[in-house]
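Here is the file model-v3.txt (compact mmCIF, N, CA and C atoms).
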# COMPACT_ATOMS: atom_id res chain seq x y z
N MET A 1 -3.72 -18.40 4.41
CA MET A 1 -3.24 -17.27 3.63
C MET A 1 -1.85 -16.89 4.14
N ASN A 2 -0.93 -16.67 3.22
CA ASN A 2 0.40 -16.25 3.62
C ASN A 2 0.52 -14.71 3.55
N ARG A 3 1.67 -14.19 3.96
CA ARG A 3 1.84 -12.73 4.02
C ARG A 3 1.76 -12.09 2.64
N LYS A 4 2.29 -12.76 1.62
CA LYS A 4 2.21 -12.23 0.26
C LYS A 4 0.75 -12.08 -0.17
N GLN A 5 -0.06 -13.10 0.09
CA GLN A 5 -1.48 -13.04 -0.26
C GLN A 5 -2.19 -11.97 0.56
N ALA A 6 -1.81 -11.83 1.82
CA ALA A 6 -2.41 -10.80 2.68
C ALA A 6 -2.09 -9.41 2.14
N ARG A 7 -0.84 -9.20 1.74
CA ARG A 7 -0.41 -7.91 1.19
C ARG A 7 -1.20 -7.61 -0.09
N GLU A 8 -1.38 -8.63 -0.92
CA GLU A 8 -2.15 -8.46 -2.15
C GLU A 8 -3.60 -8.09 -1.84
N PHE A 9 -4.18 -8.74 -0.83
CA PHE A 9 -5.55 -8.42 -0.43
C PHE A 9 -5.64 -6.97 0.07
N VAL A 10 -4.67 -6.55 0.86
CA VAL A 10 -4.67 -5.16 1.36
C VAL A 10 -4.59 -4.20 0.18
N MET A 11 -3.72 -4.48 -0.79
CA MET A 11 -3.60 -3.61 -1.96
C MET A 11 -4.91 -3.54 -2.74
N GLN A 12 -5.54 -4.67 -2.95
CA GLN A 12 -6.81 -4.69 -3.67
C GLN A 12 -7.89 -3.93 -2.91
N THR A 13 -7.88 -4.05 -1.59
CA THR A 13 -8.87 -3.35 -0.77
C THR A 13 -8.62 -1.85 -0.79
N ILE A 14 -7.37 -1.43 -0.70
CA ILE A 14 -7.05 -0.01 -0.78
C ILE A 14 -7.48 0.54 -2.13
N PHE A 15 -7.30 -0.23 -3.18
CA PHE A 15 -7.76 0.16 -4.51
C PHE A 15 -9.28 0.34 -4.51
N GLN A 16 -10.01 -0.61 -3.94
CA GLN A 16 -11.48 -0.51 -3.88
C GLN A 16 -11.92 0.72 -3.09
N ILE A 17 -11.28 0.95 -1.96
CA ILE A 17 -11.64 2.10 -1.12
C ILE A 17 -11.38 3.39 -1.88
N GLU A 18 -10.30 3.45 -2.62
CA GLU A 18 -9.98 4.63 -3.44
C GLU A 18 -11.06 4.86 -4.49
N ILE A 19 -11.43 3.80 -5.19
CA ILE A 19 -12.44 3.91 -6.26
C ILE A 19 -13.78 4.37 -5.67
N LYS A 20 -14.13 3.85 -4.50
CA LYS A 20 -15.40 4.21 -3.85
C LYS A 20 -15.29 5.53 -3.09
N MET A 21 -14.08 6.11 -3.04
CA MET A 21 -13.83 7.34 -2.29
C MET A 21 -14.35 7.19 -0.86
N ASP A 22 -13.92 6.12 -0.21
CA ASP A 22 -14.45 5.70 1.09
C ASP A 22 -13.40 5.77 2.20
N PHE A 23 -12.36 6.59 2.02
CA PHE A 23 -11.29 6.63 3.02
C PHE A 23 -11.71 7.27 4.34
N ASP A 24 -12.72 8.11 4.33
CA ASP A 24 -13.12 8.78 5.57
C ASP A 24 -13.60 7.81 6.64
N LYS A 25 -14.46 6.88 6.26
CA LYS A 25 -14.98 5.91 7.23
C LYS A 25 -15.21 4.57 6.55
N PRO A 26 -14.13 3.94 6.12
CA PRO A 26 -14.33 2.64 5.45
C PRO A 26 -14.77 1.58 6.47
N ASP A 27 -15.65 0.72 6.03
CA ASP A 27 -16.09 -0.40 6.87
C ASP A 27 -15.11 -1.55 6.66
N ILE A 28 -14.02 -1.51 7.40
CA ILE A 28 -12.96 -2.50 7.22
C ILE A 28 -13.48 -3.91 7.45
N GLU A 29 -14.37 -4.08 8.41
CA GLU A 29 -14.92 -5.42 8.66
C GLU A 29 -15.69 -5.95 7.46
N LYS A 30 -16.36 -5.07 6.74
CA LYS A 30 -17.07 -5.48 5.52
C LYS A 30 -16.06 -6.01 4.49
N TYR A 31 -14.96 -5.30 4.33
CA TYR A 31 -13.94 -5.75 3.39
C TYR A 31 -13.30 -7.05 3.87
N MET A 32 -13.15 -7.21 5.18
CA MET A 32 -12.52 -8.40 5.73
C MET A 32 -13.34 -9.66 5.43
N THR A 33 -14.64 -9.53 5.30
CA THR A 33 -15.48 -10.70 5.02
C THR A 33 -15.26 -11.24 3.61
N GLU A 34 -14.56 -10.46 2.78
CA GLU A 34 -14.33 -10.87 1.39
C GLU A 34 -13.14 -11.82 1.23
N CYS A 35 -12.46 -12.14 2.31
CA CYS A 35 -11.34 -13.07 2.19
C CYS A 35 -11.28 -13.98 3.40
N SER A 36 -10.62 -15.10 3.20
CA SER A 36 -10.37 -15.99 4.34
C SER A 36 -8.93 -15.72 4.79
N ALA A 37 -8.77 -14.78 5.70
CA ALA A 37 -7.45 -14.28 6.08
C ALA A 37 -6.67 -15.24 6.96
N GLY A 38 -7.36 -16.12 7.63
CA GLY A 38 -6.67 -17.07 8.50
C GLY A 38 -5.77 -16.38 9.51
N ASN A 39 -4.53 -16.81 9.57
CA ASN A 39 -3.60 -16.26 10.55
C ASN A 39 -3.11 -14.86 10.20
N GLN A 40 -3.53 -14.31 9.08
CA GLN A 40 -3.13 -12.96 8.66
C GLN A 40 -4.20 -11.91 8.96
N LYS A 41 -5.26 -12.32 9.61
CA LYS A 41 -6.39 -11.43 9.84
C LYS A 41 -5.99 -10.15 10.59
N ASP A 42 -5.24 -10.29 11.67
CA ASP A 42 -4.82 -9.11 12.44
C ASP A 42 -3.91 -8.21 11.62
N TYR A 43 -2.97 -8.81 10.89
CA TYR A 43 -2.08 -8.04 10.03
C TYR A 43 -2.89 -7.22 9.03
N ILE A 44 -3.83 -7.85 8.35
CA ILE A 44 -4.65 -7.18 7.34
C ILE A 44 -5.47 -6.07 7.97
N ARG A 45 -6.17 -6.38 9.03
CA ARG A 45 -7.03 -5.40 9.69
C ARG A 45 -6.21 -4.20 10.17
N ASN A 46 -5.08 -4.46 10.82
CA ASN A 46 -4.25 -3.38 11.33
C ASN A 46 -3.67 -2.51 10.22
N LEU A 47 -3.18 -3.15 9.17
CA LEU A 47 -2.59 -2.38 8.07
C LEU A 47 -3.64 -1.55 7.35
N LEU A 48 -4.80 -2.14 7.07
CA LEU A 48 -5.87 -1.37 6.44
C LEU A 48 -6.28 -0.17 7.31
N SER A 49 -6.42 -0.42 8.59
CA SER A 49 -6.81 0.65 9.51
C SER A 49 -5.77 1.77 9.55
N GLU A 50 -4.51 1.40 9.65
CA GLU A 50 -3.43 2.40 9.70
C GLU A 50 -3.35 3.21 8.40
N ILE A 51 -3.47 2.54 7.28
CA ILE A 51 -3.40 3.25 6.00
C ILE A 51 -4.57 4.23 5.88
N CYS A 52 -5.77 3.78 6.19
CA CYS A 52 -6.94 4.65 6.09
C CYS A 52 -6.87 5.81 7.08
N SER A 53 -6.43 5.54 8.29
CA SER A 53 -6.36 6.57 9.33
C SER A 53 -5.25 7.58 9.07
N ASN A 54 -4.23 7.18 8.37
CA ASN A 54 -3.06 8.04 8.15
C ASN A 54 -2.85 8.36 6.67
N LEU A 55 -3.93 8.37 5.91
CA LEU A 55 -3.81 8.54 4.47
C LEU A 55 -3.13 9.86 4.08
N SER A 56 -3.48 10.95 4.73
CA SER A 56 -2.87 12.23 4.35
C SER A 56 -1.37 12.23 4.65
N LYS A 57 -0.96 11.61 5.75
CA LYS A 57 0.46 11.49 6.07
C LYS A 57 1.17 10.62 5.03
N ILE A 58 0.58 9.49 4.70
CA ILE A 58 1.16 8.57 3.72
C ILE A 58 1.27 9.25 2.36
N ASP A 59 0.20 9.91 1.93
CA ASP A 59 0.24 10.59 0.63
C ASP A 59 1.24 11.74 0.64
N GLY A 60 1.39 12.42 1.76
CA GLY A 60 2.40 13.47 1.87
C GLY A 60 3.80 12.91 1.69
N ILE A 61 4.07 11.78 2.29
CA ILE A 61 5.37 11.11 2.14
C ILE A 61 5.58 10.69 0.69
N ILE A 62 4.54 10.13 0.08
CA ILE A 62 4.63 9.71 -1.32
C ILE A 62 4.88 10.92 -2.22
N ASN A 63 4.14 11.99 -2.01
CA ASN A 63 4.28 13.18 -2.85
C ASN A 63 5.67 13.80 -2.71
N ALA A 64 6.23 13.78 -1.51
CA ALA A 64 7.57 14.32 -1.30
C ALA A 64 8.64 13.50 -2.01
N ALA A 65 8.36 12.24 -2.24
CA ALA A 65 9.34 11.34 -2.85
C ALA A 65 9.14 11.15 -4.35
N SER A 66 8.05 11.64 -4.90
CA SER A 66 7.71 11.27 -6.29
C SER A 66 8.11 12.32 -7.33
N ASP A 67 8.90 13.30 -6.95
CA ASP A 67 9.49 14.25 -7.90
C ASP A 67 8.52 14.77 -8.98
N GLY A 68 7.59 15.60 -8.57
CA GLY A 68 6.71 16.23 -9.54
C GLY A 68 5.63 15.33 -10.10
N TRP A 69 5.45 14.17 -9.52
CA TRP A 69 4.41 13.25 -9.97
C TRP A 69 3.52 12.97 -8.77
N PRO A 70 2.62 13.91 -8.44
CA PRO A 70 1.81 13.76 -7.22
C PRO A 70 0.91 12.53 -7.26
N SER A 71 0.53 12.09 -6.08
CA SER A 71 -0.31 10.90 -5.97
C SER A 71 -1.60 11.04 -6.77
N SER A 72 -2.09 12.25 -6.91
CA SER A 72 -3.34 12.46 -7.67
C SER A 72 -3.18 12.14 -9.15
N ARG A 73 -1.96 12.11 -9.64
CA ARG A 73 -1.70 11.80 -11.05
C ARG A 73 -1.27 10.36 -11.27
N MET A 74 -0.99 9.64 -10.20
CA MET A 74 -0.53 8.25 -10.33
C MET A 74 -1.68 7.34 -10.73
N SER A 75 -1.33 6.27 -11.42
CA SER A 75 -2.37 5.28 -11.72
C SER A 75 -2.86 4.69 -10.40
N LYS A 76 -4.11 4.36 -10.34
CA LYS A 76 -4.71 3.85 -9.10
C LYS A 76 -4.05 2.56 -8.63
N PRO A 77 -3.74 1.62 -9.52
CA PRO A 77 -3.05 0.41 -9.04
C PRO A 77 -1.66 0.73 -8.46
N ASP A 78 -0.89 1.58 -9.14
CA ASP A 78 0.43 1.94 -8.63
C ASP A 78 0.31 2.64 -7.27
N LEU A 79 -0.63 3.54 -7.16
CA LEU A 79 -0.82 4.26 -5.91
C LEU A 79 -1.20 3.31 -4.78
N ALA A 80 -2.08 2.36 -5.04
CA ALA A 80 -2.47 1.40 -4.02
C ALA A 80 -1.27 0.57 -3.56
N VAL A 81 -0.45 0.15 -4.50
CA VAL A 81 0.75 -0.63 -4.18
C VAL A 81 1.70 0.20 -3.31
N ILE A 82 1.93 1.44 -3.70
CA ILE A 82 2.85 2.31 -2.96
C ILE A 82 2.30 2.60 -1.57
N ARG A 83 1.00 2.85 -1.46
CA ARG A 83 0.41 3.11 -0.14
C ARG A 83 0.58 1.92 0.80
N VAL A 84 0.41 0.72 0.28
CA VAL A 84 0.59 -0.47 1.13
C VAL A 84 2.03 -0.56 1.60
N ALA A 85 2.97 -0.34 0.71
CA ALA A 85 4.38 -0.43 1.09
C ALA A 85 4.75 0.65 2.12
N VAL A 86 4.29 1.87 1.91
CA VAL A 86 4.57 2.93 2.88
C VAL A 86 3.90 2.60 4.21
N GLY A 87 2.68 2.07 4.15
CA GLY A 87 2.00 1.65 5.38
C GLY A 87 2.79 0.59 6.12
N GLU A 88 3.34 -0.36 5.39
CA GLU A 88 4.16 -1.40 6.03
C GLU A 88 5.43 -0.80 6.64
N ILE A 89 6.08 0.08 5.90
CA ILE A 89 7.31 0.70 6.40
C ILE A 89 7.03 1.47 7.69
N LEU A 90 5.91 2.18 7.71
CA LEU A 90 5.58 3.01 8.88
C LEU A 90 5.01 2.21 10.05
N PHE A 91 4.17 1.23 9.78
CA PHE A 91 3.35 0.64 10.83
C PHE A 91 3.52 -0.85 11.09
N ALA A 92 4.22 -1.56 10.22
CA ALA A 92 4.41 -3.00 10.42
C ALA A 92 5.84 -3.25 10.89
N ASP A 93 6.01 -3.32 12.19
CA ASP A 93 7.34 -3.45 12.78
C ASP A 93 8.06 -4.72 12.35
N ASP A 94 7.31 -5.75 11.96
CA ASP A 94 7.93 -7.01 11.60
C ASP A 94 8.26 -7.12 10.10
N VAL A 95 8.08 -6.01 9.36
CA VAL A 95 8.36 -6.02 7.92
C VAL A 95 9.49 -5.03 7.65
N PRO A 96 10.68 -5.51 7.31
CA PRO A 96 11.78 -4.60 6.96
C PRO A 96 11.42 -3.78 5.71
N ALA A 97 11.93 -2.58 5.63
CA ALA A 97 11.64 -1.71 4.49
C ALA A 97 12.01 -2.38 3.17
N ALA A 98 13.13 -3.06 3.13
CA ALA A 98 13.56 -3.72 1.89
C ALA A 98 12.55 -4.78 1.44
N VAL A 99 11.96 -5.48 2.38
CA VAL A 99 10.95 -6.49 2.04
C VAL A 99 9.68 -5.80 1.52
N ALA A 100 9.25 -4.74 2.18
CA ALA A 100 8.06 -4.00 1.74
C ALA A 100 8.26 -3.48 0.31
N ILE A 101 9.44 -2.97 0.03
CA ILE A 101 9.73 -2.44 -1.32
C ILE A 101 9.75 -3.57 -2.34
N ASN A 102 10.43 -4.66 -2.03
CA ASN A 102 10.51 -5.79 -2.96
C ASN A 102 9.12 -6.36 -3.26
N GLU A 103 8.32 -6.51 -2.23
CA GLU A 103 6.97 -7.05 -2.44
C GLU A 103 6.10 -6.07 -3.24
N ALA A 104 6.30 -4.78 -3.02
CA ALA A 104 5.56 -3.78 -3.79
C ALA A 104 5.93 -3.85 -5.27
N VAL A 105 7.19 -4.00 -5.56
CA VAL A 105 7.64 -4.13 -6.95
C VAL A 105 7.01 -5.37 -7.59
N ASN A 106 6.95 -6.46 -6.85
CA ASN A 106 6.30 -7.67 -7.38
C ASN A 106 4.82 -7.45 -7.63
N LEU A 107 4.14 -6.75 -6.73
CA LEU A 107 2.72 -6.44 -6.96
C LEU A 107 2.56 -5.54 -8.18
N ALA A 108 3.47 -4.58 -8.35
CA ALA A 108 3.41 -3.68 -9.50
C ALA A 108 3.57 -4.46 -10.81
N LYS A 109 4.38 -5.50 -10.79
CA LYS A 109 4.54 -6.35 -11.98
C LYS A 109 3.22 -7.04 -12.33
N ASP A 110 2.48 -7.44 -11.30
CA ASP A 110 1.23 -8.17 -11.52
C ASP A 110 0.05 -7.26 -11.85
N TYR A 111 0.03 -6.05 -11.29
CA TYR A 111 -1.15 -5.20 -11.41
C TYR A 111 -0.94 -3.91 -12.19
N GLY A 112 0.28 -3.57 -12.47
CA GLY A 112 0.55 -2.30 -13.14
C GLY A 112 0.89 -2.47 -14.61
N THR A 113 1.48 -1.42 -15.13
CA THR A 113 1.93 -1.41 -16.53
C THR A 113 3.38 -1.91 -16.59
N GLU A 114 3.92 -1.91 -17.76
CA GLU A 114 5.31 -2.31 -17.93
C GLU A 114 6.27 -1.40 -17.16
N GLN A 115 5.90 -0.12 -17.03
CA GLN A 115 6.74 0.85 -16.33
C GLN A 115 6.51 0.87 -14.82
N SER A 116 5.46 0.25 -14.36
CA SER A 116 5.10 0.33 -12.94
C SER A 116 6.18 -0.17 -11.98
N PRO A 117 6.80 -1.33 -12.22
CA PRO A 117 7.81 -1.78 -11.25
C PRO A 117 8.94 -0.78 -11.04
N LYS A 118 9.43 -0.20 -12.11
CA LYS A 118 10.51 0.78 -12.00
C LYS A 118 10.04 2.02 -11.26
N PHE A 119 8.85 2.49 -11.59
CA PHE A 119 8.29 3.68 -10.93
C PHE A 119 8.09 3.43 -9.44
N VAL A 120 7.45 2.33 -9.11
CA VAL A 120 7.19 1.98 -7.71
C VAL A 120 8.51 1.85 -6.94
N ASN A 121 9.48 1.18 -7.52
CA ASN A 121 10.78 1.02 -6.87
C ASN A 121 11.45 2.38 -6.63
N GLY A 122 11.40 3.25 -7.63
CA GLY A 122 12.02 4.56 -7.49
C GLY A 122 11.39 5.40 -6.39
N VAL A 123 10.07 5.44 -6.36
CA VAL A 123 9.38 6.21 -5.33
C VAL A 123 9.67 5.63 -3.95
N LEU A 124 9.57 4.32 -3.83
CA LEU A 124 9.77 3.70 -2.51
C LEU A 124 11.23 3.76 -2.04
N ALA A 125 12.17 3.75 -2.95
CA ALA A 125 13.58 3.92 -2.55
C ALA A 125 13.76 5.30 -1.92
N LYS A 126 13.14 6.32 -2.51
CA LYS A 126 13.23 7.67 -1.94
C LYS A 126 12.49 7.76 -0.62
N VAL A 127 11.33 7.12 -0.53
CA VAL A 127 10.58 7.09 0.73
C VAL A 127 11.44 6.46 1.82
N SER A 128 12.05 5.34 1.49
CA SER A 128 12.88 4.64 2.47
C SER A 128 14.02 5.52 2.96
N LYS A 129 14.67 6.23 2.06
CA LYS A 129 15.76 7.14 2.46
C LYS A 129 15.25 8.26 3.35
N GLN A 130 14.05 8.76 3.06
CA GLN A 130 13.47 9.84 3.86
C GLN A 130 13.13 9.37 5.26
N LEU A 131 12.62 8.15 5.38
CA LEU A 131 12.10 7.67 6.65
C LEU A 131 13.13 6.97 7.52
N LEU A 132 14.16 6.42 6.91
CA LEU A 132 15.11 5.63 7.69
C LEU A 132 16.44 6.33 7.86

Have the structure of the file written as structure tokens, please.
Amino acid sequence: MNRKQAREFVMQTIFQIEIKMDFDKPDIEKYMTECSAGNQKDYIRNLLSEICSNLSKIDGIINAASDGWPSSRMSKPDLAVIRVAVGEILFADDVPAAVAINEAVNLAKDYGTEQSPKFVNGVLAKVSKQLL
């Protein structure tokens, strides 16, 4: 599994956790059994753990950057994509912010609506300015 596939798996897992409303105590190991992560296992486990543990902080950052469009109103796929990118920006030292944003836009193209890539890029550009 490469990093792009790992990022996609994290996004899909964050989406599942959101749907199940399982952020308080998600069984990350249970989710990990659903993929063959190979050399990306630590990256996936760490990113999932950090996102779940710091969800209120991440959502606060997203809400501050989304100009009147709170995370509670965002489509679930867009929100999952944005959460992964913010998690990478905050917690993945080996992922530059520009890469996290670019990969998030690509995920939004695959999983969102026609407007999703522009929306995701706009929110993450503001997040990046706030954090860096």

* Asked: Could you work out how far atom N of Glu29 of chain A lies from atom N of Ser72 of chain A, giving the answer in Å with one decimal?
  ->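 One can read the atom N of Ser72 of chain A to atom N of Glu29 of chain A distance as 25.5 Å.
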
* One decimal, Å: what's the distance from atom N of Pro96 of chain A over to atom N of Ile58 of chain A, could you say? => 18.3 Å

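Distances here use only C-alpha atoms; by that measure, the residue among A:Asn39, A:Asn102, A:Ser49, A:Ser56 closest to Val10 of chain A is A:Ser49.
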
* To do: Enter the distance from atom C of Leu124 of chain A to atom N of Arg3 of chain A, in Å, rounded to one decimal.
  => 21.2 Å

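Using only C-alpha atoms, the nearest neighbour of Ala92 of chain A within the list A:Gln16, A:Asn46, A:Asn106, A:Asn2 is A:Asn46.
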
* Residues within 12 Å of Ser75 of chain A, only C-alpha atoms, excluding chain neighbours under 5 positions, as a PyMOL selection string -> chain A and resi 15+18-19+69-70+80-82+108+111-113+115-116+119-120

* Asked: With distances taken over all atoms listed in the file, which of A:Phe91, A:Ile44, A:Ile61, A:Phe23 is nearest to Arg7 of chain A?
  ->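 Counting all atoms listed in the file, the residue closest to Arg7 of chain A is A:Ile44.
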
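Those residues that approach Asp59 of chain A to within 8 Å, counting all atoms listed in the file, are A:Ala65, A:Pro70, A:Ser71, A:Arg83; same-chain residues fewer than 6 positions away are not listed.
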